[in-house]
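Student: Following this line is data_3.cif, made up of mmCIF, C-alpha atoms and all ligand atoms:
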```cif
data_input
loop_
_atom_site.label_atom_id
_atom_site.label_comp_id
_atom_site.auth_asym_id
_atom_site.auth_seq_id
_atom_site.Cartn_x
_atom_site.Cartn_y
_atom_site.Cartn_z
CA MET A 31 -78.99 168.13 -41.80
CA ALA A 32 -82.49 169.63 -42.06
CA THR A 33 -82.92 173.17 -40.86
CA SER A 34 -85.33 173.84 -38.02
CA ILE A 35 -88.56 175.71 -38.75
CA SER A 36 -89.64 178.40 -36.35
CA ARG A 37 -92.89 180.33 -36.70
CA SER A 38 -91.14 183.37 -38.14
CA SER A 39 -89.17 181.34 -40.66
CA VAL A 40 -92.32 179.90 -42.25
CA ALA A 41 -92.67 181.95 -45.43
CA PRO A 42 -94.98 181.33 -48.39
CA SER A 43 -93.43 179.16 -51.04
CA PRO A 44 -92.78 181.28 -54.14
CA GLN A 45 -93.79 178.34 -56.32
CA TYR A 46 -97.53 178.73 -55.72
CA ILE A 47 -99.89 181.60 -56.30
CA PHE A 48 -103.44 181.53 -54.97
CA ARG A 49 -106.07 183.05 -57.23
CA ARG A 50 -109.85 183.22 -56.97
CA SER A 51 -112.21 180.78 -58.75
CA SER A 52 -110.64 177.49 -59.49
CA PRO A 53 -112.23 174.96 -61.80
CA CYS A 54 -109.18 172.76 -61.18
CA TYR A 55 -109.51 172.72 -57.41
CA ARG A 56 -113.26 172.10 -57.68
CA ARG A 57 -112.56 169.16 -59.93
CA ALA A 58 -110.29 167.71 -57.26
CA TYR A 59 -113.19 167.83 -54.85
CA LEU A 60 -115.60 166.42 -57.44
CA ILE A 61 -113.32 163.40 -57.90
CA LEU A 62 -113.68 162.81 -54.21
CA ASP A 63 -117.45 163.20 -54.56
CA SER A 64 -118.02 159.76 -55.88
CA HIS A 65 -116.10 158.28 -53.01
CA CYS A 66 -117.26 160.05 -49.92
CA TYR A 67 -120.29 161.95 -48.77
CA TRP A 68 -118.57 164.56 -46.66
CA LYS A 69 -116.42 165.79 -49.53
CA ARG A 70 -119.55 166.30 -51.57
CA LEU A 71 -120.88 168.41 -48.71
CA CYS A 72 -117.75 170.52 -48.70
CA CYS A 73 -118.33 171.42 -52.33
CA SER A 74 -122.07 171.79 -52.38
CA SER A 75 -124.02 174.93 -51.67
CA ARG A 76 -124.86 173.35 -48.33
CA CYS A 77 -121.22 173.60 -47.36
CA LEU A 78 -121.52 176.66 -45.22
CA SER A 79 -124.44 175.24 -43.32
CA VAL A 80 -122.46 172.07 -42.69
CA LEU A 81 -119.37 173.92 -41.61
CA HIS A 82 -121.05 176.72 -39.78
CA GLY A 83 -124.02 175.02 -38.33
CA GLY A 84 -127.08 175.96 -40.37
CA SER A 85 -128.75 179.18 -41.27
CA GLY A 86 -131.31 179.18 -38.47
CA LYS A 87 -131.44 181.91 -35.86
CA ASN A 88 -129.56 179.74 -33.42
CA SER A 89 -126.67 178.95 -35.71
CA ARG A 90 -123.24 180.11 -34.66
CA PHE A 91 -120.44 181.20 -36.89
CA VAL A 92 -117.31 179.42 -35.77
CA GLU A 93 -114.82 179.56 -38.61
CA THR A 94 -114.13 182.15 -41.21
CA GLN A 95 -112.01 179.88 -43.38
CA SER A 96 -113.69 176.84 -44.82
CA ALA A 97 -113.24 174.15 -47.38
CA MET A 98 -115.87 176.01 -49.41
CA GLU A 99 -113.69 179.08 -49.50
CA ASP A 100 -110.76 176.89 -50.52
CA SER A 101 -112.69 175.76 -53.54
CA HIS A 102 -112.83 179.36 -54.79
CA PHE A 103 -109.07 179.57 -55.03
CA GLU A 104 -106.91 178.37 -57.83
CA VAL A 105 -103.45 177.01 -57.21
CA VAL A 106 -101.26 178.04 -60.12
CA ILE A 107 -98.35 175.67 -60.12
CA LYS A 108 -95.31 175.75 -62.35
CA ASP A 109 -94.77 172.00 -62.11
CA PRO A 110 -98.03 170.19 -62.98
CA SER A 111 -96.85 166.98 -61.32
CA THR A 112 -97.29 168.72 -57.96
CA LEU A 113 -101.00 169.55 -58.51
CA PRO A 114 -103.01 168.99 -55.35
CA ARG A 115 -104.86 165.72 -55.47
CA PRO A 116 -106.58 163.46 -52.98
CA LEU A 117 -104.12 161.17 -51.30
CA SER A 118 -104.46 157.46 -51.78
CA SER A 119 -104.97 155.56 -48.54
CA THR A 120 -103.06 152.63 -50.01
CA LYS A 121 -99.98 154.26 -51.54
CA SER A 122 -97.28 155.14 -49.03
CA SER A 123 -94.16 157.17 -49.64
CA VAL A 124 -92.33 153.86 -49.74
CA SER A 125 -94.42 152.46 -52.57
CA THR A 126 -94.22 155.70 -54.56
CA GLY A 127 -90.47 155.91 -54.00
CA SER A 128 -90.58 159.62 -53.15
CA ARG A 129 -88.95 161.05 -50.04
CA LEU A 130 -91.51 163.00 -48.07
CA ARG A 131 -90.61 165.98 -45.92
CA VAL A 132 -92.37 165.55 -42.61
CA ALA A 133 -92.58 168.26 -39.96
CA TYR A 134 -92.44 167.39 -36.27
CA GLN A 135 -92.22 169.50 -33.11
CA GLY A 136 -88.92 169.39 -31.26
CA VAL A 137 -85.27 168.85 -32.07
CA PRO A 138 -83.54 165.67 -33.32
CA GLY A 139 -83.92 162.87 -30.78
CA ALA A 140 -87.52 163.86 -29.84
CA TYR A 141 -90.11 161.09 -29.75
CA SER A 142 -92.03 162.99 -32.40
CA GLU A 143 -89.10 162.56 -34.80
CA ALA A 144 -89.19 158.80 -34.23
CA ALA A 145 -92.97 158.79 -34.70
CA ALA A 146 -92.54 160.65 -38.01
CA GLY A 147 -90.12 157.91 -39.09
CA LYS A 148 -92.60 155.21 -38.09
CA ALA A 149 -95.44 156.95 -39.95
CA TYR A 150 -93.38 157.65 -43.07
CA PRO A 151 -90.33 155.36 -43.31
CA ASN A 152 -87.43 157.00 -45.20
CA CYS A 153 -88.97 160.45 -44.80
CA GLU A 154 -86.91 163.56 -44.21
CA ALA A 155 -87.98 164.63 -40.73
CA VAL A 156 -88.04 168.43 -40.41
CA PRO A 157 -87.80 169.85 -36.85
CA CYS A 158 -90.14 172.71 -35.90
CA GLU A 159 -89.92 174.83 -32.77
CA GLN A 160 -93.64 174.81 -32.00
CA PHE A 161 -96.75 172.88 -33.04
CA ASP A 162 -98.12 175.95 -34.89
CA ALA A 163 -94.98 176.09 -37.04
CA ALA A 164 -95.49 172.44 -38.07
CA PHE A 165 -99.09 173.17 -39.14
CA GLU A 166 -97.98 176.24 -41.07
CA ALA A 167 -95.09 174.43 -42.73
CA VAL A 168 -97.58 172.00 -44.30
CA GLU A 169 -100.07 174.72 -45.24
CA ARG A 170 -97.36 176.72 -46.98
CA TRP A 171 -95.96 173.75 -48.93
CA ILE A 172 -92.61 173.85 -47.11
CA VAL A 173 -93.14 170.24 -46.07
CA ASP A 174 -95.52 167.51 -47.26
CA ARG A 175 -96.89 166.25 -43.94
CA ALA A 176 -96.79 166.84 -40.19
CA VAL A 177 -96.78 164.19 -37.48
CA LEU A 178 -97.95 165.59 -34.14
CA PRO A 179 -98.87 164.04 -30.76
CA ILE A 180 -102.56 164.13 -29.82
CA GLU A 181 -102.87 161.92 -26.74
CA ASN A 182 -100.85 159.78 -24.38
CA SER A 183 -101.98 156.74 -22.41
CA LEU A 184 -100.65 158.21 -19.14
CA GLY A 185 -100.71 161.98 -19.58
CA GLY A 186 -103.96 162.29 -21.57
CA SER A 187 -104.73 164.74 -24.37
CA ILE A 188 -102.36 167.27 -25.92
CA HIS A 189 -104.93 170.07 -25.88
CA ARG A 190 -102.88 172.49 -27.93
CA ASN A 191 -103.07 170.23 -30.96
CA TYR A 192 -106.85 169.81 -30.61
CA ASP A 193 -107.17 173.59 -30.76
CA LEU A 194 -104.78 173.86 -33.72
CA LEU A 195 -106.67 171.20 -35.69
CA LEU A 196 -109.64 173.52 -35.72
CA ARG A 197 -107.70 176.71 -36.36
CA HIS A 198 -105.88 175.25 -39.37
CA ARG A 199 -107.26 173.53 -42.45
CA LEU A 200 -105.19 170.37 -42.57
CA HIS A 201 -106.68 166.89 -42.88
CA ILE A 202 -105.92 163.90 -40.69
CA VAL A 203 -104.66 161.23 -43.09
CA GLY A 204 -103.42 158.66 -40.59
CA GLU A 205 -102.46 157.87 -37.04
CA VAL A 206 -99.45 156.18 -35.52
CA LYS A 207 -99.00 154.79 -32.03
CA PHE A 208 -95.55 155.04 -30.54
CA ALA A 209 -94.23 153.35 -27.37
CA VAL A 210 -92.51 156.03 -25.29
CA ARG A 211 -89.72 154.77 -23.00
CA HIS A 212 -88.19 157.53 -20.93
CA CYS A 213 -84.65 157.64 -19.54
CA LEU A 214 -83.12 159.90 -16.90
CA LEU A 215 -80.08 161.49 -18.53
CA ALA A 216 -77.20 163.53 -17.10
CA ASN A 217 -73.72 164.64 -18.05
CA HIS A 218 -70.98 162.02 -17.69
CA GLY A 219 -69.63 161.88 -14.14
CA VAL A 220 -72.85 163.25 -12.57
CA LYS A 221 -74.46 160.86 -10.08
CA ILE A 222 -78.22 160.52 -9.57
CA GLU A 223 -77.90 161.77 -5.92
CA GLU A 224 -76.28 165.00 -7.17
CA LEU A 225 -79.33 165.98 -9.23
CA ILE A 226 -81.57 168.73 -7.85
CA ARG A 227 -83.73 169.42 -10.90
CA VAL A 228 -84.90 167.72 -14.06
CA LEU A 229 -85.84 169.26 -17.42
CA SER A 230 -88.29 167.86 -19.95
CA HIS A 231 -91.50 168.30 -21.92
CA PRO A 232 -94.48 168.70 -19.51
CA GLN A 233 -96.08 165.50 -20.87
CA ALA A 234 -92.87 163.54 -20.25
CA LEU A 235 -92.58 164.95 -16.71
CA ALA A 236 -96.20 163.95 -16.05
CA GLN A 237 -95.57 160.45 -17.40
CA CYS A 238 -92.69 160.00 -14.91
CA GLU A 239 -94.47 161.60 -11.93
CA ASN A 240 -93.86 158.72 -9.47
CA THR A 241 -90.16 158.28 -10.28
CA LEU A 242 -89.39 161.99 -10.17
CA THR A 243 -91.30 162.47 -6.91
CA GLY A 244 -89.42 159.50 -5.44
CA LEU A 245 -86.12 161.13 -6.38
CA GLY A 246 -87.27 164.50 -4.98
CA LEU A 247 -86.38 166.36 -8.19
CA VAL A 248 -87.68 169.83 -9.05
CA ARG A 249 -89.39 169.72 -12.47
CA GLU A 250 -88.64 172.31 -15.16
CA ALA A 251 -90.77 172.30 -18.31
CA VAL A 252 -89.19 172.91 -21.71
CA ASP A 253 -90.45 172.55 -25.32
CA ASP A 254 -89.44 168.94 -25.94
CA THR A 255 -87.56 166.04 -24.38
CA ALA A 256 -84.60 166.14 -26.75
CA GLY A 257 -84.36 169.92 -26.29
CA ALA A 258 -84.01 169.26 -22.55
CA ALA A 259 -81.16 166.81 -23.20
CA LYS A 260 -79.48 169.27 -25.54
CA HIS A 261 -79.73 172.07 -22.93
CA VAL A 262 -78.25 169.91 -20.13
CA ALA A 263 -75.37 168.85 -22.39
CA PHE A 264 -74.69 172.25 -23.93
CA HIS A 265 -74.53 174.02 -20.56
CA LYS A 266 -72.63 171.11 -18.96
CA LEU A 267 -75.11 171.19 -16.05
CA LYS A 268 -74.10 169.27 -12.93
CA ASP A 269 -77.27 169.76 -10.87
CA ALA A 270 -79.81 169.03 -13.62
CA GLY A 271 -80.82 165.97 -15.56
CA ALA A 272 -83.22 165.46 -18.48
CA VAL A 273 -86.08 163.06 -19.15
CA ALA A 274 -85.64 161.98 -22.76
CA SER A 275 -85.05 159.02 -25.05
CA SER A 276 -81.94 156.85 -25.33
CA VAL A 277 -81.58 158.26 -28.86
CA ALA A 278 -81.34 161.78 -27.40
CA ALA A 279 -78.68 160.50 -24.97
CA SER A 280 -76.47 159.32 -27.80
CA ILE A 281 -77.06 162.42 -29.99
CA TYR A 282 -76.13 164.87 -27.19
CA GLY A 283 -73.50 162.68 -25.48
CA LEU A 284 -75.31 162.19 -22.17
CA ASN A 285 -75.13 159.29 -19.72
CA ILE A 286 -78.25 157.16 -19.05
CA LEU A 287 -78.73 157.10 -15.26
CA ALA A 288 -82.05 155.19 -15.32
CA GLU A 289 -84.15 153.51 -18.02
CA ASP A 290 -87.90 153.00 -18.35
CA ILE A 291 -88.74 155.58 -15.70
CA GLN A 292 -92.34 156.18 -16.90
CA ASP A 293 -95.04 155.32 -14.36
CA ASP A 294 -96.43 152.52 -16.51
CA SER A 295 -94.37 150.29 -18.80
CA ASP A 296 -97.22 150.57 -21.33
CA ASN A 297 -96.68 154.23 -22.18
CA VAL A 298 -98.04 154.94 -25.64
CA THR A 299 -98.43 158.25 -27.46
CA ARG A 300 -100.84 158.52 -30.39
CA PHE A 301 -99.68 160.82 -33.18
CA LEU A 302 -101.74 162.22 -36.05
CA MET A 303 -100.47 162.38 -39.62
CA LEU A 304 -101.61 165.65 -41.22
CA ALA A 305 -101.71 166.70 -44.87
CA ARG A 306 -103.09 169.44 -47.09
CA GLU A 307 -105.43 167.05 -48.88
CA PRO A 308 -107.62 164.32 -47.41
CA ILE A 309 -107.23 160.67 -48.32
CA ILE A 310 -109.98 158.76 -50.08
CA PRO A 311 -111.56 156.71 -47.30
CA GLY A 312 -111.80 152.99 -47.91
CA ILE A 313 -113.62 150.02 -46.44
CA ASP A 314 -110.90 147.47 -47.18
CA ARG A 315 -109.44 147.73 -43.65
CA PRO A 316 -110.31 149.29 -40.28
CA PHE A 317 -110.83 153.03 -40.58
CA LYS A 318 -111.34 155.73 -38.00
CA THR A 319 -113.02 159.10 -38.48
CA SER A 320 -112.35 162.23 -36.41
CA ILE A 321 -114.94 164.99 -36.20
CA VAL A 322 -115.49 168.18 -34.21
CA PHE A 323 -118.89 169.67 -33.46
CA SER A 324 -120.71 172.07 -31.16
CA LEU A 325 -124.23 171.83 -29.77
CA GLU A 326 -127.03 174.03 -28.53
CA GLU A 327 -127.43 174.23 -24.78
CA GLY A 328 -130.15 171.95 -23.45
CA PRO A 329 -130.85 168.91 -21.28
CA GLY A 330 -129.59 165.64 -22.77
CA ILE A 331 -128.23 167.27 -25.93
CA LEU A 332 -124.82 165.59 -25.69
CA PHE A 333 -126.57 162.29 -24.97
CA LYS A 334 -128.64 162.84 -28.14
CA ALA A 335 -125.51 163.63 -30.15
CA LEU A 336 -123.69 160.52 -29.04
CA ALA A 337 -126.80 158.41 -29.61
CA VAL A 338 -126.48 158.93 -33.39
CA PHE A 339 -123.47 156.62 -33.17
CA ALA A 340 -124.84 154.18 -30.58
CA LEU A 341 -128.02 153.70 -32.63
CA ARG A 342 -125.90 152.53 -35.55
CA GLN A 343 -123.53 150.35 -33.52
CA ILE A 344 -120.62 152.71 -34.25
CA ASN A 345 -117.95 152.51 -31.56
CA LEU A 346 -116.46 155.74 -30.21
CA THR A 347 -112.75 155.60 -29.35
CA LYS A 348 -112.23 159.13 -28.01
CA ILE A 349 -114.23 162.13 -26.89
CA GLU A 350 -112.66 165.40 -25.85
CA SER A 351 -114.31 168.71 -25.07
CA ARG A 352 -112.61 172.08 -25.46
CA PRO A 353 -113.90 175.55 -24.70
CA LEU A 354 -115.21 177.35 -27.75
CA ARG A 355 -112.97 180.38 -28.09
CA ASN A 356 -114.25 183.80 -29.20
CA GLN A 357 -117.55 182.79 -27.67
CA PRO A 358 -117.82 184.94 -24.56
CA LEU A 359 -119.20 183.63 -21.32
CA ARG A 360 -122.96 183.86 -21.81
CA SER A 361 -125.81 184.11 -19.43
CA SER A 362 -128.46 181.44 -19.85
CA ASP A 363 -131.29 183.62 -18.61
CA ASP A 364 -132.25 187.25 -18.81
CA ASN A 365 -131.01 188.37 -15.42
CA GLY A 366 -127.61 186.73 -16.01
CA SER A 367 -127.65 184.86 -12.72
CA SER A 368 -126.49 181.54 -14.17
CA LYS A 369 -123.46 181.42 -16.47
CA TYR A 370 -122.25 178.68 -18.72
CA PHE A 371 -119.54 177.99 -21.26
CA ASP A 372 -119.81 176.75 -24.83
CA TYR A 373 -117.84 173.71 -25.86
CA LEU A 374 -116.49 172.01 -28.93
CA PHE A 375 -116.64 168.21 -28.88
CA TYR A 376 -113.94 166.20 -30.64
CA VAL A 377 -115.01 162.63 -31.33
CA ASP A 378 -113.16 159.72 -32.94
CA PHE A 379 -115.28 156.82 -34.11
CA GLU A 380 -114.53 153.45 -35.67
CA ALA A 381 -115.94 153.74 -39.18
CA SER A 382 -114.90 155.01 -42.57
CA MET A 383 -116.64 157.93 -44.25
CA ALA A 384 -117.03 155.59 -47.23
CA ASP A 385 -119.43 153.60 -45.04
CA GLN A 386 -123.11 154.53 -45.51
CA ASN A 387 -123.74 153.92 -41.82
CA ALA A 388 -121.20 156.61 -40.85
CA GLN A 389 -122.62 159.03 -43.43
CA ASN A 390 -126.11 158.52 -41.98
CA ALA A 391 -124.81 159.11 -38.45
CA LEU A 392 -123.26 162.45 -39.46
CA ARG A 393 -126.34 163.48 -41.41
CA HIS A 394 -128.36 162.78 -38.26
CA LEU A 395 -125.89 164.70 -36.05
CA LYS A 396 -125.99 167.66 -38.43
CA GLU A 397 -129.74 168.02 -37.76
CA PHE A 398 -129.02 169.48 -34.34
CA ALA A 399 -125.28 170.32 -34.27
CA THR A 400 -124.57 174.04 -34.52
CA PHE A 401 -121.25 173.28 -36.21
CA LEU A 402 -119.76 170.11 -37.65
CA ARG A 403 -116.47 169.43 -39.40
CA VAL A 404 -114.88 166.15 -40.45
CA LEU A 405 -111.19 166.37 -39.56
CA GLY A 406 -110.27 163.17 -41.37
CA SER A 407 -111.16 159.57 -42.16
CA TYR A 408 -108.06 157.41 -42.07
CA PRO A 409 -106.74 153.86 -41.51
CA THR A 410 -106.58 152.80 -37.86
CA ASP A 411 -103.11 151.99 -36.53
CA THR A 412 -103.68 148.44 -35.34
CA SER A 413 -100.01 147.85 -34.45
CA MET A 414 -99.02 147.24 -30.84
CA ALA A 415 -97.02 150.54 -30.85
O1 LIG B 501 -90.77 166.04 -26.44
C1 LIG B 501 -90.82 165.11 -27.23
O2 LIG B 501 -89.90 164.32 -27.43
C2 LIG B 501 -92.03 164.95 -28.02
O3 LIG B 501 -92.01 164.33 -29.04
C3 LIG B 501 -93.32 165.53 -27.48
C4 LIG B 501 -94.14 164.54 -26.68
C5 LIG B 501 -95.56 165.13 -26.42
O4 LIG B 501 -95.89 166.21 -26.87
O5 LIG B 501 -96.35 164.45 -25.78
C6 LIG B 501 -94.34 163.30 -27.43
C7 LIG B 501 -94.33 162.09 -26.87
C8 LIG B 501 -94.16 161.92 -25.41
O6 LIG B 501 -95.47 161.67 -24.94
C9 LIG B 501 -93.64 163.11 -24.74
C10 LIG B 501 -93.56 164.29 -25.37
#
```
Would you put the structure from the file into structure tokens?
Ligand SMILES: O=C(O)C(=O)C[C@]1(C(=O)O)C=C[C@@H](O)C=C1

Tutor:
Amino acid sequence: MATSISRSSVAPSPQYIFRRSSPCYRRAYLILDSHCYWKRLCCSSRCLSVLHGGSGKNSRFVETQSAMEDSHFEVVIKDPSTLPRPLSSTKSSVSTGSRLRVAYQGVPGAYSEAAAGKAYPNCEAVPCEQFDAAFEAVERWIVDRAVLPIENSLGGSIHRNYDLLLRHRLHIVGEVKFAVRHCLLANHGVKIEELIRVLSHPQALAQCENTLTGLGLVREAVDDTAGAAKHVAFHKLKDAGAVASSVAASIYGLNILAEDIQDDSDNVTRFLMLAREPIIPGIDRPFKTSIVFSLEEGPGILFKALAVFALRQINLTKIESRPLRNQPLRSSDDNGSSKYFDYLFYVDFEASMADQNAQNALRHLKEFATFLRVLGSYPTDTSMA
């Protein structure tokens, strides 16, 4: 069985040494050049202005690590077959025959483990204690990919992962929608009326709000649904149940007291597939692109930003705003009487970065965005979850 990765156990792989100035890594980006505009930007001298929002007096420095800095480092690898290269959007682990190691947050039986299996059939799913550990495991070559939840149809966004997307340098290479069907689990012999409390992941508890309120149960948040099931079973709890999957019930030997307890039968979680290298965007099938940007303060500025897509008939599928950290609360006038916050805007739109229309939209956005980064351009999951 795969060992679990905690933050402290993520150590650099001894196989790779990072050294300054890499013709090889630059070449990797140049190969991408001919396929997509934004990769060319990452390698050009304009990179820093793209990533950090221009050199004007109003520009704001958001990130210290950038794709540009990456291109100055050489990866010295003992086995040349593992050289970093752009991922193909058409070749899956199945077609290449290799068994990918895929990090997920939680313990066996978590929905994220099942989502990893849907995203990469036959993969080796590697459990991680926290989301950060999954990001780091990919960055440090301990695993090949991570599959992490980003939003749920009932509970909304998983904000932590939005923040981590910006803090880390991984690329979104795909998405997978997963139908989440929650069960109320308890130890054998425990009746539903005997339960006083229920343990689960906060998102899962939120998704079952009506049922749990109806049962009058006290909610206790833990790291993941399967972890809740494991805890209830391990401690042989009589007063507590867990909200988790039927798979978790069979792994930890719990009884299913109630099935499909989520507030809406259509409960879908969208997961992102993350990798060290981007995929080459195509136009052969529906693609989505995820970006993050920040804007100057001013009337109608967000309207103007979103208009770059509307003008080109590009459909937006998601917009999320997050506070811009390390940017202190500022006063908008000299006497400091009115205060405002700065925000980062995460937008998903229905177009591939190989599409000229999408490239034009981002070029337009860059004219007034103080920061802009493409998080990934990847095939849309059109399955019914
Ligand atoms: O706890 C789990 O089983 C998870 O995979 C995490 C998670 C989440 O983070 O949203 C994933 C899917 C469900 O929406 C509930 C919980």

Student: Just the number, please: distance in Å from atom CA of Ile188 of chain A to atom CA of Ile313 of chain A, one decimal.

Tutor: 29.1 Å

Student: Go through chain A residue by residue and, counting all atoms listed in the file, keep those with an atom at most 8 Å from ligand LIG 501 (chain B); for each kept residue give the shortest atom pair and its distance in Å to one decimal, ordered by chain and increasing number, as a tab-separated table.

Tutor:
```
residue	atom	partner	partner_atom	distance
A:Tyr134	CA	B:LIG501	O3	7.9
A:Gln135	CA	B:LIG501	O3	6.6
A:Gly136	CA	B:LIG501	O1	6.2
A:Val137	CA	B:LIG501	O2	8.0
A:Gly139	CA	B:LIG501	O2	7.0
A:Ala140	CA	B:LIG501	O2	3.4
A:Tyr141	CA	B:LIG501	O3	3.8
A:Ser142	CA	B:LIG501	O3	3.6
A:Glu143	CA	B:LIG501	O3	6.7
A:Ala145	CA	B:LIG501	O3	8.0
A:Leu178	CA	B:LIG501	O4	7.6
A:Pro179	CA	B:LIG501	O4	5.4
A:Ile180	CA	B:LIG501	O5	7.4
A:Glu181	CA	B:LIG501	O5	7.1
A:Asn182	CA	B:LIG501	O6	5.7
A:Gly185	CA	B:LIG501	O6	7.5
A:Ile188	CA	B:LIG501	O4	6.6
A:Val210	CA	B:LIG501	C8	6.1
A:Ser230	CA	B:LIG501	O1	7.2
A:His231	CA	B:LIG501	O1	5.1
A:Pro232	CA	B:LIG501	C10	7.4
A:Gln233	CA	B:LIG501	O5	5.0
A:Ala234	CA	B:LIG501	C9	4.6
A:Gln237	CA	B:LIG501	O6	7.6
A:Asp253	CA	B:LIG501	O1	6.6
A:Asp254	CA	B:LIG501	O1	3.2
A:Thr255	CA	B:LIG501	O1	3.8
A:Ala256	CA	B:LIG501	O2	5.6
A:Gly257	CA	B:LIG501	O1	7.5
A:Ala274	CA	B:LIG501	O2	6.7
A:Ser275	CA	B:LIG501	O2	7.6
A:Val298	CA	B:LIG501	O6	7.2
A:Thr299	CA	B:LIG501	O6	5.2
```

Student: Could you please determine the separation between atom CA of Ser320 of chain A and atom CA of Ile202 of chain A in Å, to one decimal place?

Tutor: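 Interatomic distance, atom CA of Ser320 of chain A to atom CA of Ile202 of chain A: 7.9 Å.
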
Student: Show which residues sit within 12 Å of segment 385-390 of chain A, as number ranges by chain. Count only C-alpha atoms, and ignore same-chain residues fewer than 5 positions away.

Tutor: A: 65-71, 310-321, 338-346, 378-380, 395-397, 404, 407

Student: Rank A:Val177, A:Leu374, A:Cys238, A:Val262 by their smallest atom-to-atom distance to Leu215 of chain A, using all atoms listed in the file, and report the top residue only.

Tutor: A:Val262

Student: Got a sec: who's within 9 Å of Ala305 of chain A, counting all atoms listed in the file, leaving out chain neighbours fewer than 2 positions off, as number ranges by chain?

Tutor: A: 117, 168-169, 174-176, 200-203, 303, 307-309

Student: Which is closest to Lys207 of chain A among A:Val273, A:Ala399, A:Leu302, A:Leu194, if we use only C-alpha atoms?

Tutor: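 Checking each of A:Val273, A:Ala399, A:Leu302, A:Leu194 against Lys207 of chain A, counting only C-alpha atoms, the winner is A:Leu302.
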
Student: Between A:Leu195, A:Ala146, A:Leu405, A:Ala133, which is the closest to Ala167 of chain A once you count only C-alpha atoms?

Tutor: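 Checking each candidate against Ala167 of chain A, we get A:Ala133 as the closest.
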
Student: For the atom pair atom CA of Leu225 of chain A and atom CA of Asp269 of chain A, what is the interatomic distance in Å to one decimal place?

Tutor: 4.6 Å

Student: Kindly write N, CA and C atoms of segment 235-246 of chain A from the structure just given to a file, as a compact mmCIF listing (two decimals), in the first residue's frame.

Tutor:
```
# COMPACT_ATOMS: atom_id res chain seq x y z
N LEU A 235 -19.98 18.15 5.27
CA LEU A 235 -21.00 18.53 6.27
C LEU A 235 -21.93 19.59 5.68
N ALA A 236 -21.35 20.54 4.94
CA ALA A 236 -22.16 21.60 4.32
C ALA A 236 -23.10 21.02 3.26
N GLN A 237 -22.63 20.02 2.54
CA GLN A 237 -23.45 19.41 1.48
C GLN A 237 -24.63 18.61 2.05
N CYS A 238 -24.55 18.25 3.34
CA CYS A 238 -25.61 17.46 3.98
C CYS A 238 -26.34 18.27 5.05
N GLU A 239 -26.26 19.57 4.96
CA GLU A 239 -26.81 20.50 5.96
C GLU A 239 -28.24 20.12 6.38
N ASN A 240 -29.14 19.95 5.42
CA ASN A 240 -30.55 19.70 5.76
C ASN A 240 -30.73 18.39 6.54
N THR A 241 -30.09 17.33 6.05
CA THR A 241 -30.23 16.02 6.70
C THR A 241 -29.69 16.05 8.12
N LEU A 242 -28.50 16.66 8.28
CA LEU A 242 -27.86 16.66 9.59
C LEU A 242 -28.63 17.53 10.58
N THR A 243 -29.19 18.64 10.07
CA THR A 243 -30.01 19.50 10.94
C THR A 243 -31.26 18.74 11.36
N GLY A 244 -31.86 18.05 10.40
CA GLY A 244 -33.06 17.26 10.69
C GLY A 244 -32.81 16.21 11.76
N LEU A 245 -31.62 15.65 11.77
CA LEU A 245 -31.28 14.60 12.75
C LEU A 245 -30.78 15.21 14.07
N GLY A 246 -30.57 16.52 14.07
CA GLY A 246 -30.11 17.22 15.28
C GLY A 246 -28.70 16.83 15.69
```
